[in-house]
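Participant: upload38.txt (compact mmCIF, C-alpha atoms) pasted underneath:
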# COMPACT_ATOMS: atom_id res chain seq x y z
CA MET C 11 34.13 17.39 -123.14
CA ASN C 12 33.45 20.56 -125.12
CA LYS C 13 32.38 23.91 -123.78
CA ALA C 14 31.22 24.99 -127.24
CA SER C 15 30.48 22.87 -130.26
CA ASP C 16 31.75 23.62 -133.75
CA THR C 17 30.50 20.29 -135.09
CA GLY C 18 27.10 20.10 -133.39
CA PHE C 19 28.30 17.27 -131.14
CA PHE C 20 29.39 17.01 -127.51
CA GLY C 21 31.19 13.70 -127.35
CA ARG C 22 28.76 11.19 -128.81
CA CYS C 23 25.70 13.43 -128.18
CA GLY C 24 24.16 16.17 -130.29
CA GLY C 25 23.89 16.43 -134.06
CA LYS C 26 21.26 17.51 -136.59
CA TYR C 27 18.97 14.54 -137.09
CA VAL C 28 16.21 16.27 -139.02
CA GLY C 29 14.34 15.74 -142.25
CA GLU C 30 15.56 17.34 -145.43
CA ILE C 31 12.87 20.02 -145.25
CA LEU C 32 14.39 21.46 -142.05
CA ARG C 33 18.04 21.37 -143.12
CA GLN C 34 17.85 24.72 -144.90
CA PRO C 35 16.21 26.72 -142.07
CA ILE C 36 18.52 25.14 -139.47
CA ASP C 37 21.62 25.93 -141.52
CA GLN C 38 20.38 29.51 -142.07
CA LEU C 39 19.73 29.88 -138.35
CA GLU C 40 23.19 28.60 -137.48
CA GLN C 41 24.83 31.04 -139.88
CA ALA C 42 22.82 33.95 -138.45
CA PHE C 43 23.64 32.97 -134.88
CA ARG C 44 27.37 32.54 -135.48
CA THR C 45 27.46 35.93 -137.22
CA LEU C 46 25.28 37.95 -134.85
CA ILE C 47 26.82 36.68 -131.63
CA ARG C 48 30.02 38.45 -132.73
CA ASP C 49 28.24 41.57 -134.05
CA ALA C 50 28.75 44.65 -131.84
CA ASP C 51 25.40 46.22 -132.73
CA PHE C 52 23.48 43.03 -131.96
CA LEU C 53 25.30 42.55 -128.64
CA ALA C 54 24.61 46.16 -127.66
CA GLU C 55 20.91 45.66 -128.41
CA LEU C 56 20.91 42.43 -126.40
CA ASP C 57 22.60 44.11 -123.43
CA ALA C 58 20.09 46.97 -123.50
CA VAL C 59 17.13 44.58 -123.50
CA ARG C 60 18.70 42.55 -120.70
CA SER C 61 19.03 45.66 -118.58
CA ASP C 62 15.81 47.51 -119.38
CA PHE C 63 13.37 44.66 -120.07
CA ILE C 64 14.65 41.57 -118.24
CA GLY C 65 16.00 43.48 -115.23
CA ARG C 66 19.54 42.13 -115.17
CA PRO C 67 21.63 41.57 -113.22
CA THR C 68 19.46 39.45 -110.93
CA PRO C 69 20.41 39.51 -107.21
CA LEU C 70 22.53 37.01 -105.31
CA LEU C 71 21.08 36.30 -101.87
CA TYR C 72 22.91 34.78 -98.90
CA ALA C 73 20.57 32.21 -97.32
CA GLU C 74 21.77 33.09 -93.84
CA ARG C 75 19.11 31.44 -91.67
CA THR C 76 19.12 28.23 -93.68
CA SER C 77 22.91 28.07 -93.64
CA ASP C 78 23.02 28.64 -89.88
CA ALA C 79 20.41 25.94 -89.28
CA LEU C 80 22.29 23.36 -91.34
CA GLY C 81 25.65 24.13 -89.79
CA GLY C 82 27.71 23.41 -92.87
CA ALA C 83 28.54 25.26 -96.06
CA ARG C 84 27.09 28.70 -96.70
CA ILE C 85 24.26 28.65 -99.26
CA PHE C 86 23.77 31.50 -101.72
CA ILE C 87 20.76 31.81 -104.02
CA LYS C 88 21.01 33.19 -107.55
CA MET C 89 17.62 34.87 -107.85
CA GLU C 90 16.67 34.20 -111.47
CA GLY C 91 13.06 34.17 -110.33
CA LEU C 92 13.28 37.96 -110.12
CA ALA C 93 13.95 38.27 -113.85
CA HIS C 94 10.99 39.59 -115.86
CA THR C 95 8.31 36.90 -116.30
CA GLY C 96 9.59 35.07 -113.22
CA ALA C 97 12.28 32.73 -114.49
CA HIS C 98 15.53 32.32 -116.42
CA LYS C 99 13.68 31.47 -119.64
CA ILE C 100 13.47 35.13 -120.69
CA ASN C 101 17.26 35.26 -121.24
CA ASN C 102 17.07 32.84 -124.15
CA ALA C 103 13.68 33.96 -125.43
CA VAL C 104 14.87 37.52 -125.93
CA GLY C 105 18.12 36.42 -127.57
CA GLN C 106 16.47 34.11 -130.08
CA ALA C 107 13.62 36.54 -130.81
CA LEU C 108 16.15 39.27 -131.61
CA ILE C 109 17.95 36.90 -134.02
CA ALA C 110 14.64 35.94 -135.64
CA ARG C 111 13.73 39.58 -136.19
CA ARG C 112 17.15 40.24 -137.73
CA MET C 113 16.47 37.30 -140.07
CA GLY C 114 13.17 38.85 -141.15
CA LYS C 115 10.95 36.27 -139.43
CA LYS C 116 7.53 37.62 -138.43
CA ARG C 117 6.17 34.62 -136.56
CA ILE C 118 7.51 32.79 -133.50
CA ILE C 119 6.45 29.36 -132.28
CA ALA C 120 7.56 27.68 -129.07
CA GLU C 121 6.92 24.70 -126.84
CA THR C 122 6.47 24.93 -123.10
CA GLY C 123 6.07 22.60 -120.13
CA ALA C 124 5.86 24.51 -116.86
CA GLY C 125 4.80 27.52 -118.91
CA GLN C 126 7.80 29.69 -118.06
CA HIS C 127 9.35 29.41 -121.51
CA GLY C 128 6.00 30.06 -123.15
CA LEU C 129 5.44 33.05 -120.92
CA ALA C 130 8.91 34.43 -121.66
CA THR C 131 8.47 33.90 -125.38
CA ALA C 132 5.08 35.59 -125.37
CA ALA C 133 6.49 38.59 -123.51
CA ALA C 134 9.51 38.85 -125.82
CA CYS C 135 7.26 38.70 -128.88
CA ALA C 136 4.99 41.39 -127.46
CA LYS C 137 8.02 43.59 -126.83
CA LEU C 138 9.45 43.04 -130.33
CA GLY C 139 6.19 43.05 -132.29
CA LEU C 140 6.22 39.40 -133.39
CA GLU C 141 3.32 36.98 -133.79
CA CYS C 142 3.47 34.22 -131.17
CA ARG C 143 2.04 30.70 -131.00
CA ILE C 144 2.76 28.42 -128.01
CA TYR C 145 2.30 24.63 -127.97
CA MET C 146 1.61 23.15 -124.54
CA GLY C 147 0.52 19.66 -123.48
CA GLU C 148 -3.03 19.45 -122.15
CA VAL C 149 -1.79 18.08 -118.83
CA ASP C 150 0.49 21.09 -118.40
CA VAL C 151 -2.23 23.52 -119.51
CA ARG C 152 -4.40 22.28 -116.66
CA ARG C 153 -1.75 22.49 -113.95
CA GLN C 154 -0.19 25.77 -115.09
CA GLN C 155 -3.26 27.94 -115.67
CA PRO C 156 -1.69 31.15 -114.27
CA ASN C 157 1.02 31.01 -116.93
CA VAL C 158 -1.49 30.15 -119.67
CA ALA C 159 -3.58 33.20 -118.75
CA ALA C 160 -0.48 35.41 -118.77
CA MET C 161 0.65 34.12 -122.18
CA GLU C 162 -2.73 34.99 -123.62
CA MET C 163 -2.61 38.41 -121.96
CA TYR C 164 0.64 39.06 -123.86
CA GLY C 165 -1.22 38.25 -127.09
CA ALA C 166 0.05 34.72 -127.69
CA THR C 167 -2.11 31.89 -129.00
CA VAL C 168 -1.80 28.88 -126.69
CA VAL C 169 -2.46 25.52 -128.40
CA PRO C 170 -3.24 22.59 -126.05
CA VAL C 171 -1.68 19.37 -127.37
CA ALA C 172 -3.83 16.27 -126.88
CA ALA C 173 -1.44 13.74 -128.48
CA GLY C 174 0.67 11.20 -126.61
CA SER C 175 1.17 11.83 -122.91
CA ARG C 176 0.01 15.45 -123.40
CA ILE C 177 3.16 16.92 -121.80
CA LEU C 178 6.32 18.69 -122.96
CA LYS C 179 7.62 16.05 -125.39
CA ASP C 180 4.31 16.13 -127.24
CA ALA C 181 4.33 19.92 -127.38
CA ILE C 182 7.82 19.76 -128.96
CA ASN C 183 6.56 17.33 -131.61
CA GLU C 184 3.72 19.68 -132.58
CA ALA C 185 6.02 22.68 -132.71
CA MET C 186 8.44 20.81 -134.99
CA ARG C 187 5.57 19.98 -137.37
CA ASP C 188 4.53 23.63 -137.47
CA TRP C 189 8.09 24.76 -138.18
CA ALA C 190 8.50 22.25 -141.01
CA ALA C 191 5.35 23.61 -142.65
CA ASN C 192 6.07 27.32 -142.13
CA PHE C 193 9.83 27.81 -141.83
CA GLU C 194 10.00 30.59 -144.44
CA THR C 195 8.15 33.01 -142.13
CA THR C 196 8.56 31.27 -138.78
CA HIS C 197 11.30 30.76 -136.20
CA TYR C 198 10.99 27.89 -133.72
CA LEU C 199 12.21 29.30 -130.41
CA ILE C 200 13.33 26.20 -128.52
CA GLY C 201 13.40 26.85 -124.80
CA SER C 202 15.94 24.36 -123.53
CA ALA C 203 19.50 23.39 -124.44
CA LEU C 204 18.41 20.53 -126.65
CA GLY C 205 17.17 19.80 -130.14
CA PRO C 206 19.22 19.82 -133.34
CA ALA C 207 22.33 21.98 -133.57
CA PRO C 208 22.72 24.96 -133.25
CA PHE C 209 20.00 25.13 -130.56
CA PRO C 210 22.10 23.68 -127.68
CA ASP C 211 24.86 26.23 -128.39
CA MET C 212 22.39 29.10 -128.78
CA VAL C 213 20.54 28.40 -125.56
CA ARG C 214 23.75 27.92 -123.55
CA THR C 215 25.16 31.16 -124.94
CA PHE C 216 22.11 33.24 -124.02
CA GLN C 217 21.76 31.59 -120.59
CA SER C 218 25.47 31.93 -119.75
CA VAL C 219 24.67 35.40 -118.41
CA ILE C 220 23.51 33.59 -115.23
CA GLY C 221 26.85 31.93 -114.53
CA ARG C 222 28.90 34.98 -115.49
CA GLU C 223 26.90 37.23 -113.17
CA THR C 224 27.20 34.68 -110.36
CA GLU C 225 30.97 34.49 -110.71
CA ARG C 226 31.26 38.28 -110.64
CA GLN C 227 28.86 38.70 -107.71
CA MET C 228 30.66 36.14 -105.56
CA ALA C 229 34.03 37.71 -106.41
CA GLU C 230 32.70 41.11 -105.37
CA ARG C 231 31.88 39.59 -101.97
CA GLY C 232 35.33 38.05 -101.73
CA LYS C 233 33.83 34.56 -101.73
CA SER C 234 35.03 31.48 -103.56
CA ILE C 235 32.52 29.14 -105.21
CA ASP C 236 32.92 25.55 -104.09
CA ALA C 237 29.75 24.10 -105.58
CA LEU C 238 27.03 25.12 -108.03
CA VAL C 239 23.64 23.40 -107.92
CA ALA C 240 20.91 23.58 -110.57
CA CYS C 241 17.85 21.59 -111.56
CA VAL C 242 17.84 19.82 -114.93
CA GLY C 243 14.92 19.06 -117.19
CA GLY C 244 16.19 19.75 -120.68
CA GLY C 245 18.91 21.78 -119.03
CA SER C 246 18.80 25.45 -120.04
CA ASN C 247 19.23 26.99 -116.60
CA ALA C 248 21.89 24.48 -115.58
CA ILE C 249 24.08 24.77 -118.66
CA GLY C 250 23.94 28.58 -118.50
CA PHE C 251 24.74 28.53 -114.79
CA PHE C 252 27.64 26.12 -115.28
CA GLU C 253 28.99 27.64 -118.52
CA PRO C 254 31.91 29.72 -117.18
CA PHE C 255 33.17 26.79 -115.10
CA ILE C 256 32.78 23.79 -117.41
CA GLU C 257 36.40 23.55 -118.48
CA ARG C 258 37.78 24.20 -114.98
CA GLU C 259 38.38 21.56 -112.33
CA LYS C 260 36.45 23.58 -109.74
CA PRO C 261 33.84 24.35 -108.55
CA ASP C 262 31.96 21.08 -108.27
CA LEU C 263 28.86 21.07 -110.47
CA TYR C 264 25.70 19.34 -109.23
CA ALA C 265 22.47 18.70 -111.14
CA ALA C 266 19.12 17.74 -109.64
CA GLU C 267 16.80 15.61 -111.76
CA ALA C 268 13.17 14.75 -111.13
CA GLY C 269 13.06 11.71 -108.87
CA GLY C 270 9.26 11.73 -108.95
CA THR C 271 7.76 9.23 -106.56
CA GLY C 272 10.83 6.98 -106.56
CA PRO C 273 12.76 4.46 -108.68
CA GLY C 274 11.23 2.49 -111.52
CA ARG C 275 10.15 3.23 -115.07
CA GLY C 276 7.30 5.73 -115.23
CA ASN C 277 7.81 6.97 -111.67
CA ASN C 278 10.39 9.67 -112.37
CA ALA C 279 12.29 11.58 -115.07
CA ALA C 280 15.84 10.70 -113.99
CA ARG C 281 17.93 10.28 -117.12
CA MET C 282 21.53 10.38 -115.96
CA GLY C 283 20.90 8.61 -112.68
CA GLY C 284 18.08 6.42 -113.95
CA ASP C 285 17.20 3.99 -116.72
CA ALA C 286 17.97 6.17 -119.75
CA VAL C 287 19.70 4.86 -122.86
CA ASP C 288 21.27 6.50 -125.90
CA GLY C 289 18.73 7.47 -128.49
CA ILE C 290 17.91 9.89 -131.28
CA VAL C 291 14.73 11.82 -130.58
CA GLN C 292 13.40 15.18 -131.79
CA GLY C 293 16.42 15.93 -133.92
CA TYR C 294 19.36 15.13 -131.62
CA LYS C 295 21.22 12.27 -129.96
CA SER C 296 21.33 12.10 -126.19
CA ARG C 297 20.15 10.08 -123.19
CA PHE C 298 16.43 9.28 -123.18
CA LEU C 299 13.97 7.30 -121.13
CA LEU C 300 12.56 4.82 -123.65
CA ASP C 301 10.15 1.90 -123.36
CA ASP C 302 10.74 -1.66 -124.57
CA ASP C 303 9.68 -0.68 -128.08
CA GLY C 304 12.15 2.19 -128.25
CA GLN C 305 9.45 4.84 -127.87
CA VAL C 306 9.70 7.76 -125.46
CA SER C 307 8.62 6.50 -122.06
CA THR C 308 6.07 7.98 -119.71
CA THR C 309 7.67 10.09 -116.99
CA ARG C 310 6.49 11.52 -113.70
CA SER C 311 7.29 14.67 -111.73
CA ILE C 312 5.40 17.15 -109.63
CA SER C 313 7.18 19.83 -111.65
CA ALA C 314 5.97 20.31 -115.21
CA GLY C 315 9.36 21.64 -116.28
CA LEU C 316 11.35 18.54 -115.26
CA ASP C 317 9.25 15.71 -116.70
CA TYR C 318 10.97 15.65 -120.10
CA ALA C 319 12.23 12.18 -121.06
CA GLY C 320 15.51 13.44 -122.54
CA ILE C 321 18.34 15.74 -121.58
CA GLY C 322 20.38 18.29 -123.50
CA PRO C 323 23.38 16.75 -125.30
CA GLN C 324 26.06 18.82 -123.59
CA LEU C 325 24.77 17.98 -120.12
CA ALA C 326 24.55 14.31 -121.11
CA ASP C 327 28.22 14.46 -122.11
CA LEU C 328 29.21 16.33 -118.95
CA GLY C 329 27.36 13.79 -116.84
CA SER C 330 29.00 10.86 -118.63
CA SER C 331 32.46 12.38 -118.09
CA GLY C 332 31.76 13.04 -114.41
CA ARG C 333 32.18 16.81 -114.63
CA VAL C 334 28.54 17.24 -113.58
CA GLN C 335 27.24 15.01 -110.78
CA PHE C 336 23.56 14.11 -111.05
CA SER C 337 21.12 13.26 -108.26
CA ALA C 338 17.44 12.35 -108.36
CA ILE C 339 15.29 14.46 -106.02
CA ARG C 340 11.85 13.10 -105.14
CA ASP C 341 8.67 15.16 -105.24
CA ASP C 342 8.36 15.20 -101.45
CA GLU C 343 11.94 16.45 -101.06
CA ALA C 344 11.28 19.30 -103.48
CA LEU C 345 8.11 20.27 -101.59
CA ARG C 346 10.02 20.38 -98.30
CA ALA C 347 12.64 22.60 -99.94
CA VAL C 348 9.91 25.01 -101.07
CA GLN C 349 8.77 25.34 -97.45
CA THR C 350 12.31 25.60 -96.04
CA PHE C 351 13.43 28.49 -98.23
CA ALA C 352 10.07 30.25 -98.01
CA ARG C 353 10.02 30.20 -94.20
CA ASN C 354 13.73 30.79 -93.62
CA GLU C 355 14.56 33.24 -96.41
CA GLY C 356 11.29 34.72 -97.63
CA VAL C 357 11.96 33.22 -101.06
CA MET C 358 9.51 30.90 -102.81
CA PHE C 359 11.21 28.53 -105.22
CA ALA C 360 9.43 27.17 -108.27
CA LEU C 361 8.96 23.41 -107.99
CA GLU C 362 11.64 22.89 -110.65
CA SER C 363 14.15 25.07 -108.80
CA ALA C 364 13.18 23.47 -105.50
CA HIS C 365 14.77 20.25 -106.72
CA ALA C 366 18.08 22.13 -106.81
CA GLY C 367 17.28 23.67 -103.44
CA ALA C 368 16.63 20.23 -101.96
CA LEU C 369 19.97 18.97 -103.27
CA ALA C 370 21.77 21.99 -101.79
CA LEU C 371 20.15 21.24 -98.42
CA LYS C 372 21.65 17.75 -98.60
CA LEU C 373 25.09 18.88 -99.69
CA ALA C 374 25.64 21.74 -97.26
CA PRO C 375 25.85 19.79 -93.95
CA ALA C 376 28.53 17.50 -95.40
CA MET C 377 30.74 20.43 -96.40
CA GLY C 378 32.85 22.64 -94.16
CA ALA C 379 31.62 25.97 -92.83
CA ASP C 380 34.28 27.70 -94.93
CA LYS C 381 32.71 26.40 -98.16
CA ASN C 382 30.16 28.15 -100.38
CA ILE C 383 27.32 26.65 -102.40
CA VAL C 384 25.38 28.68 -104.97
CA VAL C 385 21.99 27.28 -105.97
CA ASN C 386 20.18 28.62 -109.01
CA MET C 387 16.61 29.57 -108.17
CA SER C 388 15.70 29.37 -111.85
CA GLY C 389 12.11 30.44 -111.23
CA ARG C 390 9.75 31.63 -108.54
CA GLY C 391 6.92 29.56 -107.18
CA ASP C 392 3.82 31.68 -107.57
CA LYS C 393 3.15 29.83 -110.86
CA ASP C 394 2.72 26.58 -108.89
CA ILE C 395 -0.20 27.65 -106.73
CA PHE C 396 -2.55 25.16 -108.40
CA ILE C 397 -0.14 22.33 -107.52
CA THR C 398 1.13 23.30 -104.07
CA SER C 399 -2.05 24.71 -102.49
CA PRO C 400 -3.97 21.40 -102.62
CA ILE C 401 -0.98 19.82 -100.84
CA PHE C 402 -0.09 22.46 -98.26
CA ARG C 403 -3.64 23.70 -97.45
CA PRO C 404 -6.18 21.31 -98.99
CA ALA C 405 -9.26 22.33 -96.99
CA GLU C 406 -8.78 26.05 -97.57
CA TRP C 407 -8.03 25.49 -101.27
CA ARG C 408 -11.17 23.39 -101.72
CA GLU C 409 -13.22 26.08 -100.03
CA PHE C 410 -11.69 28.77 -102.26
CA LEU C 411 -12.35 26.83 -105.47
CA THR C 412 -15.93 26.07 -104.44
CA ALA C 413 -16.58 29.75 -103.75
CA GLU C 414 -15.00 30.74 -107.07
CA LEU C 415 -17.15 28.26 -108.99
CA GLU C 416 -20.25 29.62 -107.28
CA ARG C 417 -19.23 33.18 -108.11
CA LEU C 418 -18.60 32.34 -111.75
CA ALA C 419 -21.89 30.44 -112.00
CA SER C 420 -23.76 33.52 -110.75
CA GLY C 421 -22.31 35.60 -113.59
CA LYS C 422 -22.32 38.69 -111.36
CA ASP C 423 -18.65 39.65 -111.86
CA ILE C 424 -18.92 39.18 -115.62
CA HIS C 425 -21.95 41.47 -115.74
CA ASP C 426 -20.19 44.06 -113.56
CA ALA C 427 -17.10 43.98 -115.78
CA LYS C 428 -19.17 44.48 -118.92
CA SER C 429 -21.03 47.37 -117.34
CA MET C 430 -17.66 49.06 -116.69
CA GLY C 431 -16.61 48.59 -120.30
CA ALA C 432 -14.04 45.86 -119.70
Since I need it in another form, could you write the structure as structure tokens?

Facilitator:
Amino acid sequence: MNKASDTGFFGRCGGKYVGEILRQPIDQLEQAFRTLIRDADFLAELDAVRSDFIGRPTPLLYAERTSDALGGARIFIKMEGLAHTGAHKINNAVGQALIARRMGKKRIIAETGAGQHGLATAAACAKLGLECRIYMGEVDVRRQQPNVAAMEMYGATVVPVAAGSRILKDAINEAMRDWAANFETTHYLIGSALGPAPFPDMVRTFQSVIGRETERQMAERGKSIDALVACVGGGSNAIGFFEPFIEREKPDLYAAEAGGTGPGRGNNAARMGGDAVDGIVQGYKSRFLLDDDGQVSTTRSISAGLDYAGIGPQLADLGSSGRVQFSAIRDDEALRAVQTFARNEGVMFALESAHAGALALKLAPAMGADKNIVVNMSGRGDKDIFITSPIFRPAEWREFLTAELERLASGKDIHDAKSMGA
């Protein structure tokens, strides 16, 4: 069980399973990363951007009303949703973009599912003056329109991917093809702690700021940490949250996967607690949901960021060793968690983060009142309005969309905007 990887492997998972054409850019990237992460000037630049652009440190909120209602452990919320662009993804996007610029790369490509990584990458590229191209499955483009609009506002080109299941795994495939064809000028900014080495190490390193801040903030309050809870798709927020504690016996580390609509192939995206098997996909070895022919299986989740069929290699190893305990959280449980934290704490979790919130709500009553749980709110939920509104307020949402379609059909607002020079 390794905290960091010098070989590219975590136990049996990891590696660099890529074609010969990508060996050179990956090796160059690894050399640049290993050098810059120890370079004082680079680290000073990274710290300045974290403070001035991302808005770090993010707050730690005591969920007092929720904790009182449950009657068990105290729940604290690490508010990564208050980072610039609304999620933890900006931590890694800025770090990798700074490395790419130091390497002389002018063009950044990225994949995105829920849109938060794409949004963060687009913002980082706008800040650093880099060309940006984002690959996103057509299914995710439709259900994450607010993020798509924001990416384009930052100047990024968003490319809908129509291949395969038209979700995150297909976006990754297209991004890998682009990188293979354009690696001399292009950096592929992978958003999660997966892919060929050194990406899992890079992403964990840049996201570890979450866990290190959490440890410091709890210590400043004089509170111990008994449990950490995070959602896991590919695993970037979780591995960064857990990073300072991986090689310790405590606190307990809990990961919430997408339980979808329930057990059974195609109904969820539960890898560690589901039907996953060892496989080599998209350049690395890990646990994957595969069909009978060994192809990546269809998955299901209400959250676009958790429907990936694989999991980062380090988290797969930590789950196999028992250091991280995995649970599958169903869609309906995540939706109830969104409502609970919104009404009790005035905090709206993203659907991905709500899986972690739902798991925390289960854990707290079984723990003593002297115990403390910290849940990572990896993103905020305003991005999910097109998913949650039809569920929570269907009649009002239908009325709103009908009125909007009528307004757009009239062309009045477009004419008014043009007359004002927009």

Participant: Have a look at atom CA of C:Gly21 and atom CA of C:Gln38 and let me know their distance in Å, one decimal.

Facilitator: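 Value for the atom CA of C:Gly21-atom CA of C:Gln38 distance: 24.2 Å.
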
Participant: Between C:Gly82, C:Lys88, C:Ser296, C:Met163, which has the minimum distance to C:Tyr27 (counting only C-alpha atoms)?

Facilitator: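 Closest residue, counting only C-alpha atoms: C:Ser296.
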
Participant: Do a neighbour search on stretch 124-139 of chain C at 6 Å with all atoms listed in the file, toss out local chain neighbours closer than 2 positions, and write the hits as a ChimeraX atom specification.

Facilitator: /C:95,99-100,103-104,122,157,161,164,166,201,314-315

Participant: Hey, which bits of stretch 155-220 of chain C sit within 10 Å of stretch 28-37 of chain C, and for each residue what's the closest pair of atoms and how far apart in Å (one decimal), counting only C-alpha atoms, rows by chain and increasing number, as a Markdown table?

Facilitator:
| residue | atom | partner | partner_atom | distance |
| --- | --- | --- | --- | --- |
| C:Met186 | CA | C:Leu32 | CA | 9.3 |
| C:Trp189 | CA | C:Leu32 | CA | 8.1 |
| C:Ala190 | CA | C:Leu32 | CA | 6.0 |
| C:Ala191 | CA | C:Ile31 | CA | 8.7 |
| C:Phe193 | CA | C:Pro35 | CA | 6.5 |
| C:Glu194 | CA | C:Pro35 | CA | 7.7 |
| C:Thr196 | CA | C:Pro35 | CA | 9.5 |
| C:His197 | CA | C:Pro35 | CA | 8.7 |
| C:Tyr198 | CA | C:Ile36 | CA | 9.9 |
| C:Gly205 | CA | C:Val28 | CA | 9.6 |
| C:Pro206 | CA | C:Val28 | CA | 7.3 |
| C:Ala207 | CA | C:Ile36 | CA | 7.7 |
| C:Pro208 | CA | C:Ile36 | CA | 7.5 |
| C:Phe209 | CA | C:Ile36 | CA | 9.0 |

Participant: With a distance cut-off of 9 Å and only C-alpha atoms, select the neighbouring residues of C:Ser175, excluding the residue or stretch itself and same-chain residues fewer than 4 positions from it, and output the selection as a PyMOL selection string.

Facilitator: chain C and resi 147-149+179-180+308-309

Participant: May I ask which of the residues C:Arg340, C:Lys393, C:Arg75, C:His98 is the closest one to C:Gly245, counting only C-alpha atoms?

Facilitator: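 So, comparing all the options, the nearest one is C:His98.
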
Participant: Take the point (27.6, 14.3, -112.9) as written in the file and pick out every residue within 12 Å of it, counting all atoms listed in the file; give the list as a PDB file with C-alpha atoms, in the coordinates of the input.

Facilitator:
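Result file is point39.pdb:
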ATOM      1  CA  LEU C 238      27.030  25.120-108.030  1.00  0.00           C
ATOM      2  CA  VAL C 239      23.640  23.400-107.920  1.00  0.00           C
ATOM      3  CA  ALA C 240      20.910  23.580-110.570  1.00  0.00           C
ATOM      4  CA  VAL C 242      17.840  19.820-114.930  1.00  0.00           C
ATOM      5  CA  ALA C 248      21.890  24.480-115.580  1.00  0.00           C
ATOM      6  CA  ILE C 256      32.780  23.790-117.410  1.00  0.00           C
ATOM      7  CA  ASP C 262      31.960  21.080-108.270  1.00  0.00           C
ATOM      8  CA  LEU C 263      28.860  21.070-110.470  1.00  0.00           C
ATOM      9  CA  TYR C 264      25.700  19.340-109.230  1.00  0.00           C
ATOM     10  CA  ALA C 265      22.470  18.700-111.140  1.00  0.00           C
ATOM     11  CA  ALA C 266      19.120  17.740-109.640  1.00  0.00           C
ATOM     12  CA  GLU C 267      16.800  15.610-111.760  1.00  0.00           C
ATOM     13  CA  ARG C 281      17.930  10.280-117.120  1.00  0.00           C
ATOM     14  CA  MET C 282      21.530  10.380-115.960  1.00  0.00           C
ATOM     15  CA  GLY C 283      20.900   8.610-112.680  1.00  0.00           C
ATOM     16  CA  GLN C 324      26.060  18.820-123.590  1.00  0.00           C
ATOM     17  CA  LEU C 325      24.770  17.980-120.120  1.00  0.00           C
ATOM     18  CA  ALA C 326      24.550  14.310-121.110  1.00  0.00           C
ATOM     19  CA  ASP C 327      28.220  14.460-122.110  1.00  0.00           C
ATOM     20  CA  LEU C 328      29.210  16.330-118.950  1.00  0.00           C
ATOM     21  CA  GLY C 329      27.360  13.790-116.840  1.00  0.00           C
ATOM     22  CA  SER C 330      29.000  10.860-118.630  1.00  0.00           C
ATOM     23  CA  SER C 331      32.460  12.380-118.090  1.00  0.00           C
ATOM     24  CA  GLY C 332      31.760  13.040-114.410  1.00  0.00           C
ATOM     25  CA  ARG C 333      32.180  16.810-114.630  1.00  0.00           C
ATOM     26  CA  VAL C 334      28.540  17.240-113.580  1.00  0.00           C
ATOM     27  CA  GLN C 335      27.240  15.010-110.780  1.00  0.00           C
ATOM     28  CA  PHE C 336      23.560  14.110-111.050  1.00  0.00           C
ATOM     29  CA  SER C 337      21.120  13.260-108.260  1.00  0.00           C
ATOM     30  CA  ALA C 338      17.440  12.350-108.360  1.00  0.00           C
TER      31      ALA C 338
END

Participant: Record the distance separating atom CA of C:Ala58 and atom CA of C:Ile87, expressed in Å with one decimal.

Facilitator: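 Those two atoms sit 24.7 Å apart.
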
Participant: Hey, which of C:Phe251, C:Phe52, C:Tyr318, C:Tyr294 ends up closest to C:Met89? Count all atoms listed in the file.

Facilitator: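 Looking only at the distances to C:Met89, the closest residue turns out to be C:Phe251.
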
Participant: In Å to one decimal, how far is atom CA of C:Glu257 from atom CA of C:Ala366?

Facilitator: 21.8 Å
